[in-house]
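input_25.tsv follows (TSV, C-alpha atoms and all ligand atoms):
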chain	number	residue	atom	x	y	z
A	1	MET	CA	-9.03	12.88	-22.89
A	2	ASN	CA	-12.51	11.96	-21.71
A	3	LEU	CA	-12.37	10.97	-18.05
A	4	ALA	CA	-15.58	8.94	-18.33
A	5	ASP	CA	-13.64	6.52	-20.57
A	6	LEU	CA	-11.05	6.08	-17.84
A	7	ARG	CA	-13.43	4.60	-15.28
A	8	PHE	CA	-13.50	0.84	-14.87
A	9	ALA	CA	-16.88	-0.60	-15.75
A	10	ALA	CA	-16.05	-4.02	-14.30
A	11	GLU	CA	-14.08	-4.90	-11.19
A	12	PRO	CA	-10.41	-5.61	-11.90
A	13	TYR	CA	-9.75	-8.82	-9.96
A	14	TYR	CA	-7.48	-8.21	-7.00
A	15	ARG	CA	-6.72	-10.64	-4.18
A	16	PRO	CA	-5.73	-8.62	-1.08
A	17	VAL	CA	-2.71	-9.87	0.81
A	18	GLY	CA	-2.94	-7.66	3.91
A	19	HIS	CA	-4.68	-4.45	4.91
A	20	GLU	CA	-3.62	-2.60	1.78
A	21	VAL	CA	-7.18	-1.97	0.57
A	22	ALA	CA	-8.28	-0.20	3.77
A	23	LEU	CA	-4.97	1.64	4.10
A	24	PHE	CA	-5.22	2.92	0.57
A	25	GLU	CA	-8.85	3.96	1.07
A	26	HIS	CA	-7.83	6.10	4.03
A	27	ALA	CA	-4.84	7.55	2.20
A	28	HIS	CA	-7.17	8.37	-0.67
A	29	ALA	CA	-9.74	9.98	1.63
A	30	HIS	CA	-7.03	12.39	2.78
A	31	ARG	CA	-5.49	12.57	-0.69
A	32	LEU	CA	-2.12	11.49	0.68
A	33	PRO	CA	0.21	10.80	-2.24
A	34	VAL	CA	0.92	7.07	-2.24
A	35	MET	CA	4.05	5.23	-3.27
A	36	LEU	CA	3.73	1.51	-4.06
A	37	LYS	CA	7.07	-0.17	-3.52
A	38	GLY	CA	7.95	-3.63	-4.71
A	39	PRO	CA	9.47	-5.84	-7.40
A	40	THR	CA	8.13	-6.06	-10.96
A	41	GLY	CA	5.06	-8.18	-11.57
A	42	CYS	CA	3.86	-8.50	-7.98
A	43	GLY	CA	0.47	-6.80	-8.35
A	44	LYS	CA	1.03	-3.04	-7.90
A	45	THR	CA	-0.64	-1.98	-11.14
A	46	ARG	CA	-3.54	-4.36	-10.64
A	47	PHE	CA	-3.98	-3.01	-7.11
A	48	VAL	CA	-4.27	0.60	-8.32
A	49	GLU	CA	-6.76	-0.42	-11.00
A	50	HIS	CA	-8.81	-2.25	-8.42
A	51	MET	CA	-8.72	0.72	-6.04
A	52	ALA	CA	-9.73	3.18	-8.78
A	53	TRP	CA	-12.72	0.93	-9.54
A	54	ARG	CA	-13.57	0.53	-5.86
A	55	LEU	CA	-13.43	4.28	-5.27
A	56	GLY	CA	-15.27	5.03	-8.52
A	57	LYS	CA	-12.46	7.26	-9.78
A	58	PRO	CA	-11.05	7.61	-13.29
A	59	LEU	CA	-7.48	6.37	-13.55
A	60	ILE	CA	-4.75	7.74	-15.83
A	61	THR	CA	-1.68	5.51	-16.01
A	62	VAL	CA	1.69	6.68	-17.29
A	63	ALA	CA	4.45	4.10	-17.74
A	64	CYS	CA	7.60	6.10	-17.04
A	65	ASN	CA	10.88	5.47	-18.81
A	66	GLU	CA	14.09	7.40	-19.29
A	67	ASP	CA	12.58	9.44	-22.13
A	68	VAL	CA	9.64	10.74	-20.09
A	69	THR	CA	10.18	14.42	-19.26
A	70	ALA	CA	8.26	16.93	-17.19
A	71	ALA	CA	6.80	18.34	-20.41
A	72	ASP	CA	5.40	14.90	-21.30
A	73	LEU	CA	3.51	14.90	-18.01
A	74	VAL	CA	2.55	18.55	-17.84
A	75	GLY	CA	1.93	19.46	-21.49
A	76	ARG	CA	3.39	21.60	-24.23
A	77	PHE	CA	2.63	24.04	-27.00
A	78	LEU	CA	2.08	22.23	-30.28
A	79	LEU	CA	1.77	23.62	-33.77
A	80	ASP	CA	-1.58	23.28	-35.46
A	81	ALA	CA	-3.40	25.01	-38.32
A	82	ASP	CA	-4.08	28.10	-36.19
A	83	GLY	CA	-0.57	28.51	-34.85
A	84	THR	CA	0.60	27.12	-31.55
A	85	ARG	CA	-1.84	25.71	-29.06
A	86	TRP	CA	-1.29	24.40	-25.55
A	87	HIS	CA	-2.04	20.73	-24.95
A	88	ASP	CA	-2.42	19.52	-21.37
A	89	GLY	CA	-0.32	16.45	-20.56
A	90	PRO	CA	-1.79	13.54	-18.56
A	91	LEU	CA	-0.75	15.00	-15.20
A	92	THR	CA	-2.41	18.33	-15.95
A	93	VAL	CA	-5.58	16.58	-17.10
A	94	ALA	CA	-5.70	14.64	-13.82
A	95	VAL	CA	-4.98	17.75	-11.76
A	96	ARG	CA	-7.61	19.89	-13.49
A	97	GLN	CA	-10.36	17.30	-13.75
A	98	GLY	CA	-9.80	15.33	-10.57
A	99	ALA	CA	-8.54	11.91	-11.63
A	100	MET	CA	-6.27	9.44	-9.95
A	101	ILE	CA	-2.93	9.31	-11.77
A	102	TYR	CA	-0.55	6.38	-11.53
A	103	LEU	CA	3.06	7.08	-12.51
A	104	ASP	CA	4.45	3.59	-12.92
A	105	GLU	CA	8.20	3.31	-12.19
A	106	VAL	CA	8.51	7.01	-11.47
A	107	VAL	CA	12.29	6.92	-10.89
A	108	GLU	CA	12.78	5.93	-14.51
A	109	ALA	CA	11.56	9.35	-15.67
A	110	ARG	CA	13.89	12.33	-16.12
A	111	PRO	CA	14.81	14.13	-12.89
A	112	ASP	CA	12.89	17.26	-13.94
A	113	THR	CA	9.64	15.35	-13.35
A	114	THR	CA	10.14	15.43	-9.59
A	115	VAL	CA	10.24	19.22	-9.75
A	116	VAL	CA	6.67	19.32	-11.02
A	117	LEU	CA	5.50	16.70	-8.52
A	118	HIS	CA	6.75	18.46	-5.41
A	119	PRO	CA	4.23	21.35	-5.21
A	120	LEU	CA	1.46	18.82	-5.88
A	121	THR	CA	2.45	16.64	-2.98
A	122	ASP	CA	2.30	19.16	-0.16
A	123	ALA	CA	-0.44	21.34	1.26
A	124	ARG	CA	-0.30	23.66	-1.75
A	125	ARG	CA	-1.56	21.02	-4.22
A	126	ILE	CA	-0.65	23.20	-7.17
A	127	LEU	CA	0.87	22.53	-10.58
A	128	PRO	CA	2.81	25.44	-12.06
A	129	LEU	CA	2.77	25.38	-15.88
A	130	ASP	CA	5.83	27.56	-16.31
A	131	ARG	CA	5.82	27.66	-20.09
A	132	LYS	CA	2.18	28.62	-20.20
A	133	GLY	CA	2.42	31.10	-17.33
A	134	GLU	CA	-0.41	29.38	-15.44
A	135	THR	CA	-0.67	27.74	-12.03
A	136	VAL	CA	-3.34	25.07	-11.73
A	137	THR	CA	-4.81	24.32	-8.33
A	138	ALA	CA	-5.57	20.64	-8.01
A	139	HIS	CA	-9.18	19.51	-8.20
A	140	PRO	CA	-10.25	18.07	-4.80
A	141	ASP	CA	-10.43	14.55	-6.33
A	142	PHE	CA	-6.91	14.61	-7.75
A	143	HIS	CA	-4.85	11.78	-6.26
A	144	LEU	CA	-1.23	10.97	-7.06
A	145	VAL	CA	0.03	7.38	-6.92
A	146	VAL	CA	3.50	6.28	-8.00
A	147	SER	CA	5.28	2.95	-8.09
A	148	TYR	CA	8.86	2.36	-7.35
A	149	ASN	CA	11.02	-0.75	-7.50
A	150	PRO	CA	13.58	-0.57	-4.66
A	151	GLY	CA	15.70	-3.16	-6.50
A	152	TYR	CA	16.70	-0.45	-8.97
A	153	GLN	CA	18.42	1.52	-6.25
A	154	ALA	CA	21.44	-0.68	-6.80
A	155	ALA	CA	21.65	0.75	-10.32
A	156	GLY	CA	21.94	4.23	-8.85
A	157	LYS	CA	18.30	5.02	-9.44
A	158	GLY	CA	16.84	5.94	-6.12
A	159	LEU	CA	14.28	8.48	-5.05
A	160	LYS	CA	15.70	11.53	-3.33
A	161	PRO	CA	14.81	11.82	0.37
A	162	SER	CA	13.10	15.15	-0.33
A	163	THR	CA	10.78	13.32	-2.74
A	164	ARG	CA	10.19	10.20	-0.65
A	165	GLN	CA	9.14	12.21	2.36
A	166	ARG	CA	6.13	13.46	0.47
A	167	PHE	CA	4.56	10.03	0.04
A	168	ALA	CA	2.88	7.43	2.17
A	169	ALA	CA	4.29	4.05	1.14
A	170	LEU	CA	2.73	0.62	0.77
A	171	GLU	CA	5.25	-2.16	0.52
A	172	PHE	CA	4.41	-4.95	-1.91
A	173	ASP	CA	6.10	-8.29	-2.36
A	174	TYR	CA	5.16	-11.52	-4.08
A	175	PRO	CA	2.03	-12.84	-2.34
A	176	ASP	CA	2.29	-15.71	0.15
A	177	GLU	CA	1.94	-19.23	-1.25
A	178	ALA	CA	-1.80	-19.63	-0.68
A	179	ALA	CA	-2.67	-16.21	-2.10
A	180	GLU	CA	-0.35	-16.57	-5.08
A	181	THR	CA	-1.81	-20.00	-5.88
A	182	GLU	CA	-5.29	-18.49	-5.89
A	183	ILE	CA	-4.17	-15.60	-8.10
A	184	VAL	CA	-2.33	-17.78	-10.63
A	185	ALA	CA	-5.24	-20.26	-10.83
A	186	HIS	CA	-7.70	-17.41	-11.37
A	187	GLU	CA	-5.67	-15.37	-13.85
A	188	ALA	CA	-4.33	-18.25	-15.95
A	189	GLY	CA	-7.53	-20.30	-15.73
A	190	ILE	CA	-5.72	-23.41	-14.46
A	191	ASP	CA	-6.48	-25.77	-11.58
A	192	ARG	CA	-5.10	-25.16	-8.12
A	193	THR	CA	-2.77	-28.17	-8.14
A	194	LEU	CA	-0.92	-26.88	-11.19
A	195	ALA	CA	-0.96	-23.31	-9.85
A	196	ALA	CA	0.53	-24.55	-6.56
A	197	THR	CA	3.33	-26.31	-8.47
A	198	LEU	CA	4.19	-23.13	-10.37
A	199	VAL	CA	4.16	-21.16	-7.14
A	200	ARG	CA	6.52	-23.69	-5.55
A	201	ILE	CA	8.97	-23.22	-8.45
A	202	ALA	CA	8.75	-19.46	-8.02
A	203	GLY	CA	9.36	-19.73	-4.27
A	204	ARG	CA	12.55	-21.67	-4.84
A	205	SER	CA	13.69	-19.33	-7.63
A	206	ARG	CA	13.28	-16.35	-5.36
A	207	ALA	CA	15.78	-17.92	-2.96
A	208	LEU	CA	18.35	-17.58	-5.77
A	209	ARG	CA	18.22	-13.84	-5.31
A	210	ALA	CA	20.91	-14.36	-2.69
A	211	ARG	CA	23.06	-16.00	-5.39
A	212	GLY	CA	22.95	-13.07	-7.78
A	213	LEU	CA	19.56	-13.34	-9.46
A	214	ASP	CA	18.33	-9.74	-9.70
A	215	GLU	CA	14.66	-10.57	-9.35
A	216	GLY	CA	12.88	-13.84	-8.70
A	217	ILE	CA	10.19	-15.27	-10.98
A	218	SER	CA	7.26	-12.88	-10.66
A	219	THR	CA	3.55	-13.65	-10.27
A	220	ARG	CA	3.08	-12.35	-13.81
A	221	MET	CA	5.55	-14.94	-15.18
A	222	LEU	CA	3.71	-17.75	-13.39
A	223	ILE	CA	0.49	-16.62	-15.05
A	224	TYR	CA	2.18	-16.65	-18.47
A	225	ALA	CA	3.45	-20.19	-17.87
A	226	GLY	CA	-0.01	-21.26	-16.70
A	227	VAL	CA	-1.61	-19.87	-19.85
A	228	LEU	CA	0.80	-21.79	-22.09
A	229	ILE	CA	0.14	-25.03	-20.20
A	230	ARG	CA	-3.60	-24.46	-20.36
A	231	ASP	CA	-3.21	-24.14	-24.13
A	232	GLY	CA	-1.78	-27.65	-24.17
A	233	MET	CA	1.92	-26.84	-24.36
A	234	PRO	CA	4.28	-29.21	-22.49
A	235	ALA	CA	4.72	-28.07	-18.88
A	236	ALA	CA	8.54	-28.07	-18.74
A	237	GLU	CA	8.91	-26.09	-21.96
A	238	SER	CA	6.20	-23.67	-20.93
A	239	CYS	CA	8.02	-23.02	-17.66
A	240	ARG	CA	11.28	-22.45	-19.49
A	241	MET	CA	9.73	-20.10	-21.98
A	242	ALA	CA	7.72	-18.04	-19.51
A	243	MET	CA	9.62	-18.36	-16.27
A	244	THR	CA	13.26	-19.39	-16.31
A	245	ASP	CA	14.71	-18.26	-19.62
A	246	PRO	CA	13.59	-14.62	-19.75
A	247	ILE	CA	14.85	-13.83	-16.30
A	248	THR	CA	18.61	-14.25	-16.63
A	249	ASP	CA	21.36	-14.46	-19.24
A	250	ASP	CA	23.72	-16.11	-16.78
A	251	ALA	CA	24.17	-19.74	-17.87
A	252	ASP	CA	24.71	-21.10	-14.34
A	253	LEU	CA	21.71	-19.35	-12.88
A	254	ARG	CA	19.52	-20.41	-15.78
A	255	GLN	CA	20.58	-24.00	-15.30
A	256	ALA	CA	19.85	-23.74	-11.58
A	257	LEU	CA	16.37	-22.43	-12.42
A	258	ARG	CA	15.76	-25.18	-14.96
A	259	ASP	CA	16.80	-27.75	-12.35
A	260	ILE	CA	14.23	-26.30	-9.95
A	261	VAL	CA	11.54	-26.63	-12.63
A	262	ASP	CA	12.48	-30.25	-13.36
A	263	ALA	CA	12.50	-31.11	-9.67
A	264	CYS	CA	9.06	-29.60	-9.04
A	265	LEU	CA	7.11	-30.79	-12.10
B	301	LIG	P1	3.42	-4.74	-11.13
B	301	LIG	O1	2.60	-3.52	-11.42
B	301	LIG	O2	3.78	-4.90	-9.69
B	301	LIG	O3	4.61	-4.89	-12.04
B	301	LIG	P2	1.06	-6.19	-12.00
B	301	LIG	O4	0.04	-5.50	-11.16
B	301	LIG	O5	1.04	-5.89	-13.46
B	301	LIG	O6	2.52	-6.01	-11.42
B	301	LIG	O7	0.88	-7.76	-11.74
B	301	LIG	C1	1.16	-8.72	-12.71
B	301	LIG	C2	-0.01	-9.67	-12.83
B	301	LIG	O8	-0.05	-10.49	-11.66
B	301	LIG	C3	-1.34	-8.95	-12.88
B	301	LIG	O9	-1.73	-8.70	-14.21
B	301	LIG	C4	-2.26	-9.93	-12.22
B	301	LIG	O10	-2.70	-10.86	-13.19
B	301	LIG	C5	-1.39	-10.69	-11.24
B	301	LIG	N1	-1.47	-10.31	-9.82
B	301	LIG	C6	-0.41	-10.08	-9.00
B	301	LIG	N2	-0.81	-9.87	-7.75
B	301	LIG	C7	-2.16	-9.95	-7.76
B	301	LIG	C8	-3.17	-9.85	-6.74
B	301	LIG	N3	-2.85	-9.61	-5.46
B	301	LIG	N4	-4.45	-10.01	-7.13
B	301	LIG	C9	-4.77	-10.26	-8.41
B	301	LIG	N5	-3.87	-10.39	-9.41
B	301	LIG	C10	-2.58	-10.25	-9.10
Spell out the structure here as structure tokens.
Ligand code: ADP
Amino acid sequence: MNLADLRFAAEPYYRPVGHEVALFEHAHAHRLPVMLKGPTGCGKTRFVEHMAWRLGKPLITVACNEDVTAADLVGRFLLDADGTRWHDGPLTVAVRQGAMIYLDEVVEARPDTTVVLHPLTDARRILPLDRKGETVTAHPDFHLVVSYNPGYQAAGKGLKPSTRQRFAALEFDYPDEAAETEIVAHEAGIDRTLAATLVRIAGRSRALRARGLDEGISTRMLIYAGVLIRDGMPAAESCRMAMTDPITDDADLRQALRDIVDACL
């Protein structure tokens, strides 16, 4: 893995919604591990990309899922022509070479991953590679960032208090109306009037969370709908395809969402 390839040449567009840029810069300066909390599709990944660019740091991103184990992050011995050879995993590469690493949806990964993160998130800043019999001291530029969707706690997937305590947290939510309109217009390449309409639909859909909708329509979904409309697809069908229909299988909720779309368009 060549870290030079993991630097952003161009600025990833990010519209700040509060003081998160300055807060992150200070957390980074002190190498405080950062946890980005918030629902899916609200800008966490884009924010980290923007910050890596702003700070001039290479970024390694790992999308965690239930199959991701500590060995996937740390590394393992693999067979090659000369026998077995150790291969550093993405976490070890970041620790050795001084990159920022973003573990997206960290609670999805197997519980053994938190064991390897703990000694990296306190004053020791070390990564024990048990199988290799080596302990790597983190490069001064190593910075750990994770994301975490608190909505998943309901499904029994929370972060243990002993893990949470090790992070500084930035809370994300869908941007306010004006900011989200700007983002959707920019990202989908549509005019502000249309973007504002999509944002209004999303705002109303998010109110349905109280009626059993797990997550409201995300900023990402609004951008998808905007892209379809920009391509010339009919607005109502684009909204159904990108916004209302993927989000729930419940017939009543879907109808309620479709009614919101029809009322706003
Ligand atoms: P998350 O990581 O929270 O699931 P993303 O960062 O992938 O979400 O956001 C989804 C999309 O929404 C991004 O690709 C980007 O186009 C857009 N987006 C959301 N918030 C912002 C923001 N504040 N500035 C710029 N783009 C944003």
Step by step, measure atom-to-atom distances between ligand LIG 301 (chain B) and each residue using all atoms listed in the file, keep those at most 9 Å, then write them as a PyMOL selection string.
chain A and resi 12-17+36-50+104-105+147+149+172-175+179-180+182-184+186-188+218-223
Counting only C-alpha atoms, closest pick from A:Ile247, A:Met100, A:Ala195, A:Leu55 relative to Val145 in chain A is A:Met100
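The smallest atom-to-atom distance between Leu59 in chain A and any of A:Thr197, A:Asn2, A:Thr248, A:Thr135, using only C-alpha atoms, is found for A:Asn2.
Shortest atom-to-atom contact with Ile201 in chain A among A:His139, A:Arg258, A:Arg7, A:Arg76: A:Arg258, counting all atoms listed in the file.
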With a distance cut-off of 10 Å and all atoms listed in the file, select the neighbouring residues of Val107 in chain A, excluding the residue or stretch itself and same-chain residues fewer than 4 positions from it, and output the selection as an MDAnalysis selection string.
chainID A and resid 64:66 103 111 113:114 146:150 152:153 157:160
Residues near Asp262 in chain A, anyone? I mean within 12 Å using all atoms listed in the file, not counting same-chain ones fewer than 6 positions away, as a list in words.
Thr197, Leu198, Arg200, Ile201, Ala235, Ala236, Glu237, Ser238, Cys239, Arg240, Thr244, Gln255 and Ala256 of chain A
